[in-house]
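Okay, input24.cif is below, mmCIF, C-alpha atoms:
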```
data_coords
loop_
_atom_site.group_PDB
_atom_site.id
_atom_site.type_symbol
_atom_site.label_atom_id
_atom_site.label_comp_id
_atom_site.auth_asym_id
_atom_site.auth_seq_id
_atom_site.Cartn_x
_atom_site.Cartn_y
_atom_site.Cartn_z
ATOM 1 C CA MET S 1 -75.751 -6.717 7.978
ATOM 2 C CA SER S 2 -73.502 -6.511 11.047
ATOM 3 C CA THR S 3 -69.948 -7.724 11.482
ATOM 4 C CA LYS S 4 -68.762 -9.589 14.527
ATOM 5 C CA THR S 5 -65.286 -9.390 15.946
ATOM 6 C CA ILE S 6 -63.968 -12.837 16.622
ATOM 7 C CA ALA S 7 -60.572 -11.841 17.971
ATOM 8 C CA SER S 8 -58.370 -8.821 18.327
ATOM 9 C CA ALA S 9 -54.635 -8.531 18.537
ATOM 10 C CA THR S 10 -52.078 -5.930 19.400
ATOM 11 C CA VAL S 11 -48.979 -5.707 17.251
ATOM 12 C CA ARG S 12 -45.781 -4.252 18.578
ATOM 13 C CA ALA S 13 -42.292 -4.056 17.139
ATOM 14 C CA VAL S 14 -39.774 -6.391 18.695
ATOM 15 C CA LYS S 15 -36.113 -5.611 18.514
ATOM 16 C CA LYS S 16 -34.434 -8.613 16.946
ATOM 17 C CA ARG S 17 -31.063 -9.536 18.362
ATOM 18 C CA LEU S 18 -28.576 -10.433 15.657
ATOM 19 C CA LEU S 19 -26.117 -13.209 16.326
ATOM 20 C CA PRO S 20 -22.519 -12.319 15.558
ATOM 21 C CA SER S 21 -21.284 -14.036 12.437
ATOM 22 C CA ARG S 22 -18.108 -16.040 12.385
ATOM 23 C CA ALA S 23 -15.099 -14.404 10.767
ATOM 24 C CA ALA S 24 -14.218 -15.780 7.353
ATOM 25 C CA LEU S 25 -10.568 -15.896 8.351
ATOM 26 C CA VAL S 26 -8.912 -16.036 11.785
ATOM 27 C CA LEU S 27 -5.273 -15.036 12.123
ATOM 28 C CA THR S 28 -2.824 -16.355 14.690
ATOM 29 C CA SER S 29 -0.930 -13.812 16.774
ATOM 30 C CA SER S 30 2.259 -14.460 14.786
ATOM 31 C CA ALA S 31 0.334 -13.913 11.519
ATOM 32 C CA VAL S 32 -1.018 -10.609 12.870
ATOM 33 C CA ASN S 33 2.532 -9.543 13.776
ATOM 34 C CA LYS S 34 3.827 -10.514 10.324
ATOM 35 C CA VAL S 35 1.050 -8.555 8.570
ATOM 36 C CA LYS S 36 1.837 -5.525 10.761
ATOM 37 C CA GLU S 37 5.527 -5.874 9.854
ATOM 38 C CA ILE S 38 4.736 -6.114 6.122
ATOM 39 C CA MET S 39 2.347 -3.162 6.231
ATOM 40 C CA ALA S 40 4.840 -1.020 8.187
ATOM 41 C CA LYS S 41 7.347 -1.365 5.325
ATOM 42 C CA GLU S 42 4.749 0.025 2.899
ATOM 43 C CA GLU S 43 3.407 2.818 5.125
ATOM 44 C CA GLY S 44 2.329 5.962 3.287
ATOM 45 C CA LYS S 45 1.503 4.212 -0.002
ATOM 46 C CA GLY S 46 -2.268 4.197 0.502
ATOM 47 C CA TYR S 47 -2.690 0.494 1.243
ATOM 48 C CA ILE S 48 -5.574 -0.433 3.543
ATOM 49 C CA GLY S 49 -4.441 -4.014 4.171
ATOM 50 C CA LEU S 50 -3.641 -7.254 2.406
ATOM 51 C CA LYS S 51 -5.888 -8.923 -0.165
ATOM 52 C CA VAL S 52 -6.252 -12.686 -0.548
ATOM 53 C CA GLY S 53 -7.328 -13.895 -3.972
ATOM 54 C CA VAL S 54 -7.195 -16.915 -6.237
ATOM 55 C CA ARG S 55 -6.067 -17.348 -9.793
ATOM 56 C CA GLN S 56 -6.267 -20.226 -12.196
ATOM 57 C CA ARG S 57 -2.957 -21.996 -12.507
ATOM 58 C CA GLY S 58 -1.395 -25.376 -13.068
ATOM 59 C CA CYS S 59 -2.966 -28.823 -12.990
ATOM 60 C CA ASN S 60 -4.979 -28.483 -9.802
ATOM 61 C CA GLY S 61 -6.705 -25.367 -11.086
ATOM 62 C CA LEU S 62 -6.272 -22.679 -8.437
ATOM 63 C CA SER S 63 -3.510 -20.977 -6.503
ATOM 64 C CA TYR S 64 -3.805 -18.334 -3.812
ATOM 65 C CA THR S 65 -2.498 -14.811 -4.254
ATOM 66 C CA LEU S 66 -1.598 -12.273 -1.584
ATOM 67 C CA ASP S 67 -1.266 -8.616 -2.544
ATOM 68 C CA TYR S 68 -1.603 -5.139 -1.098
ATOM 69 C CA ALA S 69 -5.168 -3.802 -1.048
ATOM 70 C CA THR S 70 -5.919 -0.197 -1.960
ATOM 71 C CA SER S 71 -9.705 -0.589 -1.819
ATOM 72 C CA LYS S 72 -12.431 -3.074 -0.932
ATOM 73 C CA GLY S 73 -14.702 -4.312 -3.715
ATOM 74 C CA LYS S 74 -18.464 -4.352 -3.273
ATOM 75 C CA LEU S 75 -18.638 -8.139 -2.777
ATOM 76 C CA ASP S 76 -15.263 -8.602 -1.080
ATOM 77 C CA GLU S 77 -15.204 -9.804 2.535
ATOM 78 C CA GLU S 78 -13.312 -7.648 5.032
ATOM 79 C CA VAL S 79 -11.708 -9.183 8.115
ATOM 80 C CA LYS S 80 -10.360 -6.860 10.799
ATOM 81 C CA GLN S 81 -8.418 -8.412 13.630
ATOM 82 C CA ASP S 82 -6.023 -6.885 16.170
ATOM 83 C CA GLY S 83 -5.393 -3.779 14.062
ATOM 84 C CA VAL S 84 -4.846 -5.467 10.701
ATOM 85 C CA THR S 85 -7.194 -5.677 7.723
ATOM 86 C CA ILE S 86 -7.434 -8.615 5.339
ATOM 87 C CA ILE S 87 -9.648 -8.328 2.257
ATOM 88 C CA ILE S 88 -10.870 -11.602 0.754
ATOM 89 C CA ASP S 89 -11.612 -11.358 -2.959
ATOM 90 C CA LYS S 90 -15.120 -12.461 -3.912
ATOM 91 C CA LYS S 91 -13.707 -15.295 -6.054
ATOM 92 C CA ALA S 92 -11.571 -16.583 -3.173
ATOM 93 C CA GLN S 93 -14.388 -16.668 -0.617
ATOM 94 C CA LEU S 94 -15.778 -20.035 -1.707
ATOM 95 C CA THR S 95 -12.428 -21.775 -1.694
ATOM 96 C CA LEU S 96 -11.455 -20.328 1.695
ATOM 97 C CA LEU S 97 -14.746 -21.047 3.378
#
```
Please go through the file and, once you have read it, give me the structure as structure tokens.
Amino acid sequence: MSTKTIASATVRAVKKRLLPSRAALVLTSSAVNKVKEIMAKEEGKGYIGLKVGVRQRGCNGLSYTLDYATSKGKLDEEVKQDGVTIIIDKKAQLTLL
């Protein structure tokens, strides 16, 4: 019993170009300046940026929180823009996006 070759192919790795993703949050230049001003007042305290979160409150259900961030959680989104860092809490990502 003999086998016939019907077709042959050469396989080579192709480098896939990734498209840049859109930032979850875009800051205006005045917002960047305000964040820099706020962070400068707290310099030396170990904060890496500001953290946006949500908490359940009132009749409508949710309110936003803004606090100093000392670390980034595993599922938190990190936005770096013009020298400032904003961490978006995993719970806040759906409401912001």
Carefully work through the PyMOL selection byres ((chain S and resi 44-54) around 7) for this structure and note down the residues it includes, as a ChimeraX atom specification. /S:42-43,55-56,62-71,84-89,91-92
Between atom CA of Gly83 of chain S and atom CA of Ala31 of chain S, what distance in Å does the model show, to one decimal? 11.9 Å
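Distance check against Leu27 of chain S using all atoms listed in the file: of S:Gly61, S:Leu96, S:Asp82, S:Lys90, the minimum falls on S:Asp82.
The gap separating atom CA of Gly58 of chain S from atom CA of Leu94 of chain S is 19.1 Å, in Å to one decimal.
The spacing separating atom CA of Leu97 of chain S from atom CA of Val79 of chain S amounts to 13.1 Å.
Closest approach to Asp76 of chain S from the set S:Ser30, S:Gln93, S:Ala23, S:Glu37 is made by S:Gln93, with distances taken over only C-alpha atoms.
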